[in-house]
$ cat entry_22.cif   # mmCIF, N, CA and C atoms
data_coords
#
loop_
_atom_site.label_atom_id
_atom_site.label_comp_id
_atom_site.auth_asym_id
_atom_site.auth_seq_id
_atom_site.Cartn_x
_atom_site.Cartn_y
_atom_site.Cartn_z
N MET E 231 97.21 104.34 85.56
CA MET E 231 97.85 103.95 86.80
C MET E 231 98.49 102.59 86.62
N VAL E 232 99.55 102.40 87.37
CA VAL E 232 100.27 101.13 87.35
C VAL E 232 100.36 100.62 88.78
N SER E 233 99.96 99.39 88.98
CA SER E 233 100.05 98.81 90.32
C SER E 233 101.48 98.36 90.56
N THR E 234 102.07 98.84 91.64
CA THR E 234 103.42 98.42 92.01
C THR E 234 103.39 97.51 93.23
N ALA E 235 102.22 97.19 93.71
CA ALA E 235 102.09 96.40 94.93
C ALA E 235 102.80 95.05 94.84
N CYS E 236 102.77 94.44 93.67
CA CYS E 236 103.38 93.11 93.53
C CYS E 236 104.90 93.17 93.60
N TYR E 237 105.49 94.36 93.47
CA TYR E 237 106.93 94.51 93.54
C TYR E 237 107.41 94.87 94.94
N LEU E 238 106.50 95.27 95.80
CA LEU E 238 106.87 95.71 97.14
C LEU E 238 106.86 94.53 98.10
N GLY E 239 107.81 94.56 99.01
CA GLY E 239 107.81 93.58 100.09
C GLY E 239 106.81 94.01 101.15
N GLU E 240 106.55 93.14 102.10
CA GLU E 240 105.58 93.45 103.14
C GLU E 240 105.99 94.65 103.97
N ARG E 241 107.28 94.86 104.15
CA ARG E 241 107.76 95.94 105.01
C ARG E 241 108.11 97.21 104.26
N GLU E 242 107.94 97.21 102.96
CA GLU E 242 108.31 98.39 102.18
C GLU E 242 107.29 99.49 102.35
N THR E 243 107.78 100.72 102.26
CA THR E 243 106.94 101.88 102.48
C THR E 243 107.24 102.91 101.39
N LEU E 244 106.52 104.03 101.48
CA LEU E 244 106.81 105.15 100.59
C LEU E 244 108.22 105.67 100.90
N GLY E 245 108.91 106.16 99.91
CA GLY E 245 110.26 106.69 100.13
C GLY E 245 110.25 107.95 100.98
N LEU E 246 109.27 108.79 100.79
CA LEU E 246 109.16 110.04 101.54
C LEU E 246 107.88 110.02 102.36
N LYS E 247 107.89 110.79 103.43
CA LYS E 247 106.68 110.87 104.23
C LYS E 247 105.59 111.63 103.48
N PHE E 248 104.39 111.16 103.64
CA PHE E 248 103.22 111.81 103.07
C PHE E 248 102.17 111.84 104.15
N GLY E 249 101.79 113.00 104.57
CA GLY E 249 100.81 113.12 105.64
C GLY E 249 101.34 112.60 106.96
N GLY E 250 102.65 112.71 107.16
CA GLY E 250 103.26 112.30 108.42
C GLY E 250 103.60 110.82 108.52
N THR E 251 103.46 110.09 107.42
CA THR E 251 103.73 108.65 107.45
C THR E 251 104.34 108.20 106.12
N ARG E 252 105.04 107.10 106.16
CA ARG E 252 105.55 106.50 104.93
C ARG E 252 104.66 105.34 104.46
N ARG E 253 103.58 105.11 105.19
CA ARG E 253 102.66 104.02 104.85
C ARG E 253 101.47 104.57 104.07
N LEU E 254 101.35 104.15 102.83
CA LEU E 254 100.26 104.63 101.99
C LEU E 254 98.89 104.25 102.55
N ASP E 255 98.82 103.12 103.24
CA ASP E 255 97.52 102.70 103.80
C ASP E 255 97.06 103.60 104.94
N ARG E 256 97.90 104.52 105.38
CA ARG E 256 97.52 105.48 106.42
C ARG E 256 96.99 106.78 105.82
N ALA E 257 97.15 106.95 104.52
CA ALA E 257 96.66 108.16 103.84
C ALA E 257 95.18 107.99 103.52
N ASN E 258 94.46 109.09 103.61
CA ASN E 258 93.04 109.06 103.27
C ASN E 258 92.64 110.44 102.75
N VAL E 259 91.36 110.64 102.52
CA VAL E 259 90.92 111.92 101.96
C VAL E 259 91.29 113.10 102.86
N ILE E 260 91.32 112.88 104.16
CA ILE E 260 91.71 113.96 105.07
C ILE E 260 93.17 114.34 104.85
N THR E 261 94.02 113.35 104.57
CA THR E 261 95.43 113.62 104.27
C THR E 261 95.53 114.57 103.09
N PHE E 262 94.72 114.35 102.07
CA PHE E 262 94.75 115.19 100.88
C PHE E 262 94.14 116.57 101.15
N GLU E 263 93.15 116.63 102.02
CA GLU E 263 92.59 117.93 102.42
C GLU E 263 93.66 118.75 103.15
N HIS E 264 94.43 118.10 104.02
CA HIS E 264 95.51 118.80 104.72
C HIS E 264 96.59 119.26 103.75
N LEU E 265 96.92 118.42 102.77
CA LEU E 265 97.91 118.81 101.76
C LEU E 265 97.41 120.04 101.00
N GLN E 266 96.16 120.04 100.64
CA GLN E 266 95.58 121.18 99.92
C GLN E 266 95.71 122.45 100.75
N GLN E 267 95.46 122.36 102.04
CA GLN E 267 95.61 123.53 102.92
C GLN E 267 97.06 123.98 103.01
N ARG E 268 97.98 123.02 103.15
CA ARG E 268 99.41 123.35 103.26
C ARG E 268 99.92 124.02 101.98
N LEU E 269 99.34 123.63 100.86
CA LEU E 269 99.74 124.21 99.57
C LEU E 269 99.04 125.54 99.29
N SER E 270 98.14 125.92 100.18
CA SER E 270 97.32 127.13 99.97
C SER E 270 96.65 127.08 98.60
N ALA E 271 96.04 125.95 98.32
CA ALA E 271 95.40 125.74 97.03
C ALA E 271 93.93 125.36 97.25
N PRO E 272 93.11 126.31 97.71
CA PRO E 272 91.73 125.99 98.08
C PRO E 272 90.88 125.44 96.93
N ARG E 273 91.24 125.75 95.70
CA ARG E 273 90.43 125.27 94.57
C ARG E 273 90.94 123.96 94.00
N ALA E 274 91.98 123.39 94.58
CA ALA E 274 92.54 122.14 94.04
C ALA E 274 91.58 120.96 94.20
N GLU E 275 90.76 120.98 95.25
CA GLU E 275 89.77 119.93 95.48
C GLU E 275 90.41 118.54 95.45
N LEU E 276 91.52 118.38 96.19
CA LEU E 276 92.26 117.13 96.18
C LEU E 276 91.45 115.95 96.69
N ALA E 277 90.64 116.16 97.72
CA ALA E 277 89.82 115.06 98.23
C ALA E 277 88.85 114.57 97.15
N ASP E 278 88.28 115.49 96.40
CA ASP E 278 87.39 115.10 95.30
C ASP E 278 88.16 114.35 94.22
N CYS E 279 89.39 114.77 93.96
CA CYS E 279 90.21 114.09 92.95
C CYS E 279 90.50 112.65 93.38
N VAL E 280 90.82 112.47 94.66
CA VAL E 280 91.09 111.13 95.17
C VAL E 280 89.84 110.26 95.08
N THR E 281 88.72 110.81 95.48
CA THR E 281 87.46 110.07 95.42
C THR E 281 87.13 109.67 93.99
N GLU E 282 87.31 110.59 93.06
CA GLU E 282 87.04 110.29 91.65
C GLU E 282 88.00 109.22 91.14
N LEU E 283 89.27 109.31 91.50
CA LEU E 283 90.25 108.32 91.06
C LEU E 283 89.88 106.93 91.56
N VAL E 284 89.53 106.83 92.83
CA VAL E 284 89.13 105.54 93.40
C VAL E 284 87.93 104.99 92.64
N GLU E 285 86.94 105.82 92.41
CA GLU E 285 85.75 105.36 91.69
C GLU E 285 86.08 104.90 90.28
N ARG E 286 86.97 105.63 89.59
CA ARG E 286 87.33 105.26 88.22
C ARG E 286 88.13 103.97 88.18
N VAL E 287 89.05 103.79 89.11
CA VAL E 287 89.82 102.55 89.15
C VAL E 287 88.89 101.38 89.41
N ARG E 288 87.99 101.51 90.38
CA ARG E 288 87.03 100.44 90.66
C ARG E 288 86.17 100.12 89.45
N ARG E 289 85.74 101.15 88.75
CA ARG E 289 84.85 100.96 87.60
C ARG E 289 85.58 100.31 86.42
N HIS E 290 86.83 100.70 86.20
CA HIS E 290 87.53 100.24 85.00
C HIS E 290 88.40 99.01 85.20
N TRP E 291 88.71 98.64 86.44
CA TRP E 291 89.55 97.47 86.66
C TRP E 291 88.99 96.22 85.98
N PRO E 292 87.69 95.92 86.08
CA PRO E 292 87.19 94.70 85.44
C PRO E 292 87.47 94.65 83.93
N GLU E 293 87.55 95.79 83.29
CA GLU E 293 87.82 95.83 81.85
C GLU E 293 89.25 95.38 81.55
N HIS E 294 90.15 95.49 82.52
CA HIS E 294 91.56 95.19 82.29
C HIS E 294 92.01 93.88 82.94
N ARG E 295 91.21 93.38 83.84
CA ARG E 295 91.59 92.17 84.57
C ARG E 295 91.84 91.00 83.62
N ASP E 296 91.04 90.88 82.59
CA ASP E 296 91.18 89.76 81.64
C ASP E 296 92.53 89.76 80.92
N GLN E 297 93.16 90.92 80.84
CA GLN E 297 94.47 90.99 80.19
C GLN E 297 95.53 90.24 81.00
N LEU E 298 95.22 89.97 82.26
CA LEU E 298 96.15 89.25 83.13
C LEU E 298 95.72 87.80 83.34
N ALA E 299 94.93 87.28 82.43
CA ALA E 299 94.42 85.91 82.56
C ALA E 299 95.57 84.89 82.64
N VAL E 300 96.69 85.20 82.04
CA VAL E 300 97.84 84.29 82.08
C VAL E 300 98.52 84.28 83.45
N ASN E 301 98.19 85.28 84.28
CA ASN E 301 98.78 85.37 85.61
C ASN E 301 97.68 85.69 86.63
N PRO E 302 96.86 84.71 86.95
CA PRO E 302 95.73 84.97 87.86
C PRO E 302 96.17 85.42 89.25
N GLU E 303 97.34 84.98 89.69
CA GLU E 303 97.84 85.39 91.00
C GLU E 303 98.11 86.90 91.02
N LEU E 304 98.70 87.41 89.95
CA LEU E 304 98.95 88.85 89.85
C LEU E 304 97.63 89.62 89.79
N ALA E 305 96.70 89.14 88.99
CA ALA E 305 95.39 89.81 88.88
C ALA E 305 94.69 89.85 90.23
N SER E 306 94.76 88.75 90.95
CA SER E 306 94.13 88.69 92.27
C SER E 306 94.82 89.64 93.25
N SER E 307 96.14 89.72 93.18
CA SER E 307 96.89 90.62 94.05
C SER E 307 96.52 92.08 93.77
N ILE E 308 96.44 92.44 92.51
CA ILE E 308 96.06 93.80 92.15
C ILE E 308 94.63 94.10 92.60
N GLU E 309 93.75 93.14 92.41
CA GLU E 309 92.36 93.32 92.84
C GLU E 309 92.26 93.54 94.35
N SER E 310 93.03 92.78 95.10
CA SER E 310 93.06 92.94 96.55
C SER E 310 93.60 94.31 96.95
N CYS E 311 94.63 94.75 96.26
CA CYS E 311 95.22 96.07 96.55
C CYS E 311 94.23 97.19 96.22
N ILE E 312 93.50 97.03 95.14
CA ILE E 312 92.49 98.04 94.78
C ILE E 312 91.42 98.10 95.86
N ALA E 313 90.96 96.96 96.32
CA ALA E 313 89.93 96.93 97.35
C ALA E 313 90.43 97.55 98.65
N ALA E 314 91.61 97.15 99.09
CA ALA E 314 92.15 97.68 100.35
C ALA E 314 92.48 99.17 100.22
N GLY E 315 93.11 99.53 99.11
CA GLY E 315 93.47 100.93 98.90
C GLY E 315 92.26 101.84 98.81
N SER E 316 91.22 101.34 98.17
CA SER E 316 89.98 102.12 98.05
C SER E 316 89.40 102.41 99.42
N CYS E 317 89.35 101.38 100.25
CA CYS E 317 88.80 101.56 101.60
C CYS E 317 89.64 102.53 102.42
N SER E 318 90.96 102.37 102.37
CA SER E 318 91.81 103.24 103.19
C SER E 318 91.80 104.67 102.68
N LEU E 319 91.82 104.87 101.37
CA LEU E 319 91.82 106.23 100.84
C LEU E 319 90.53 106.98 101.11
N LEU E 320 89.42 106.28 101.10
CA LEU E 320 88.12 106.94 101.28
C LEU E 320 87.71 107.10 102.74
N ARG E 321 88.53 106.61 103.66
CA ARG E 321 88.25 106.80 105.09
C ARG E 321 88.17 108.28 105.41
N ARG E 322 87.28 108.64 106.31
CA ARG E 322 87.11 110.05 106.69
C ARG E 322 87.61 110.33 108.09
N GLU E 323 88.26 109.36 108.75
CA GLU E 323 88.76 109.66 110.09
C GLU E 323 90.25 109.93 110.05
N ARG E 324 90.71 110.64 111.04
CA ARG E 324 92.14 110.96 111.14
C ARG E 324 92.91 109.71 111.52
N THR E 325 94.10 109.60 110.98
CA THR E 325 94.99 108.51 111.36
C THR E 325 96.15 109.11 112.14
N SER E 326 96.72 108.32 113.02
CA SER E 326 97.85 108.85 113.81
C SER E 326 99.12 108.15 113.44
#

$ encode --input "entry_22.cif" --output "C-alpha coordinates"
Amino acid sequence: MVSTACYLGERETLGLKFGGTRRLDRANVITFEHLQQRLSAPRAELADCVTELVERVRRHWPEHRDQLAVNPELASSIESCIAAGSCSLLRRERTS
(Lines of atoms letter the chains of each structure in order from A and count residues from 1; the text may use other names and numbers.)
(Lines give C-alpha, C1' and ligand atoms only; values in the text may rest on other atoms or scores of the structure.)
Protein backbone atom coordinates (compact mmCIF):
# COMPACT_ATOMS: atom_id res chain seq x y z
CA MET A 1 0.00 0.00 0.00
CA VAL A 2 1.04 3.56 -0.64
CA SER A 3 -0.19 6.45 1.44
CA THR A 4 -1.43 9.29 -0.75
CA ALA A 5 -2.77 11.36 2.14
CA CYS A 6 0.18 13.75 2.08
CA TYR A 7 -0.62 14.64 -1.54
CA LEU A 8 -4.30 15.40 -0.96
CA GLY A 9 -5.62 18.76 0.06
CA GLU A 10 -8.09 19.06 2.90
CA ARG A 11 -11.04 19.29 0.51
CA GLU A 12 -10.00 16.54 -1.88
CA THR A 13 -12.13 13.45 -2.17
CA LEU A 14 -12.32 10.19 -4.06
CA GLY A 15 -12.80 10.71 -7.79
CA LEU A 16 -15.79 8.37 -7.92
CA LYS A 17 -18.48 7.69 -5.39
CA PHE A 18 -17.98 4.66 -3.22
CA GLY A 19 -20.83 3.61 -0.99
CA GLY A 20 -22.74 6.77 -1.89
CA THR A 21 -19.94 9.19 -0.97
CA ARG A 22 -16.68 10.54 -2.30
CA ARG A 23 -15.24 10.74 1.22
CA LEU A 24 -13.15 7.72 2.14
CA ASP A 25 -13.59 8.47 5.84
CA ARG A 26 -17.30 7.69 5.40
CA ALA A 27 -16.59 4.14 4.18
CA ASN A 28 -16.56 1.31 6.68
CA VAL A 29 -16.99 -2.46 6.83
CA ILE A 30 -20.72 -2.07 6.18
CA THR A 31 -19.90 -0.22 2.94
CA PHE A 32 -17.90 -3.25 1.82
CA GLU A 33 -20.66 -5.65 2.90
CA HIS A 34 -23.09 -3.68 0.72
CA LEU A 35 -20.64 -3.76 -2.19
CA GLN A 36 -20.36 -7.53 -1.80
CA GLN A 37 -24.15 -7.82 -1.97
CA ARG A 38 -24.37 -5.53 -5.02
CA LEU A 39 -21.75 -7.64 -6.77
CA SER A 40 -23.64 -10.83 -5.88
CA ALA A 41 -20.40 -12.20 -4.51
CA PRO A 42 -21.38 -13.84 -1.20
CA ARG A 43 -18.03 -15.62 -0.82
CA ALA A 44 -15.91 -12.50 -1.38
CA GLU A 45 -15.89 -11.74 2.36
CA LEU A 46 -14.98 -8.10 1.70
CA ALA A 47 -15.55 -6.98 5.28
CA ASP A 48 -13.09 -9.64 6.46
CA CYS A 49 -10.60 -8.49 3.82
CA VAL A 50 -10.87 -4.89 5.03
CA THR A 51 -10.46 -5.95 8.65
CA GLU A 52 -7.41 -8.04 7.80
CA LEU A 53 -5.88 -5.21 5.77
CA VAL A 54 -6.32 -2.74 8.63
CA GLU A 55 -4.76 -5.19 11.08
CA ARG A 56 -1.80 -5.87 8.76
CA VAL A 57 -1.14 -2.18 8.11
CA ARG A 58 -1.23 -1.46 11.85
CA ARG A 59 1.08 -4.39 12.57
CA HIS A 60 3.63 -3.64 9.85
CA TRP A 61 3.72 0.17 9.85
CA PRO A 62 6.27 0.34 12.71
CA GLU A 63 8.66 -1.77 10.61
CA HIS A 64 8.61 0.88 7.86
CA ARG A 65 8.33 4.09 9.84
CA ASP A 66 12.10 4.26 10.38
CA GLN A 67 12.62 4.46 6.62
CA LEU A 68 11.08 7.94 6.83
CA ALA A 69 13.39 9.15 9.61
CA VAL A 70 14.64 11.90 7.29
CA ASN A 71 11.08 13.23 7.05
CA PRO A 72 9.44 12.93 10.47
CA GLU A 73 6.55 15.17 9.43
CA LEU A 74 5.63 12.77 6.63
CA ALA A 75 5.96 9.76 8.93
CA SER A 76 3.73 11.43 11.49
CA SER A 77 1.16 12.33 8.83
CA ILE A 78 1.04 8.75 7.57
CA GLU A 79 0.76 7.44 11.12
CA SER A 80 -2.16 9.78 11.80
CA CYS A 81 -3.89 8.69 8.58
CA ILE A 82 -3.43 5.02 9.51
CA ALA A 83 -4.97 5.63 12.93
CA ALA A 84 -7.92 7.64 11.59
CA GLY A 85 -8.48 5.36 8.61
CA SER A 86 -8.38 2.27 10.80
CA CYS A 87 -11.04 3.67 13.09
CA SER A 88 -13.32 4.79 10.27
CA LEU A 89 -12.97 1.58 8.24
CA LEU A 90 -13.69 -0.69 11.20
CA ARG A 91 -16.82 1.22 12.28
CA ARG A 92 -19.91 -0.98 12.28
CA GLU A 93 -22.57 1.73 12.06
CA ARG A 94 -24.19 3.07 8.93
CA THR A 95 -23.07 6.44 7.66
CA SER A 96 -25.34 8.82 5.81

$ resolve_selection --input "entry_22.cif" --expression "the PyMOL selection byres (((chain E and resi 312-319 and name CA) around 7) and name CA)" --output "ChimeraX atom specification"
/E:255-259,284,308-311,320-321

$ closest_residue --input "entry_22.cif" --among "E:Thr251, E:Glu285, E:Asn301, E:Asp278" --to "Glu263 (chain E)" --atoms "all atoms listed in the file"
E:Asp278

$ select_by_dssp --input "entry_22.cif" --residues "region 239-301 of chain E" --states "helix (DSSP H, G or I)" --output "count of residues only"
36

$ closest_residue --input "entry_22.cif" --among "E:Cys279, E:Arg322, E:Leu244, E:Leu298" --to "Ile260 (chain E)" --atoms "only N, CA and C atoms"
E:Arg322

$ closest_residue --input "entry_22.cif" --among "E:Ala299, E:Leu283, E:Ala305, E:Ala277" --to "His264 (chain E)" --atoms "all atoms listed in the file"
E:Ala277
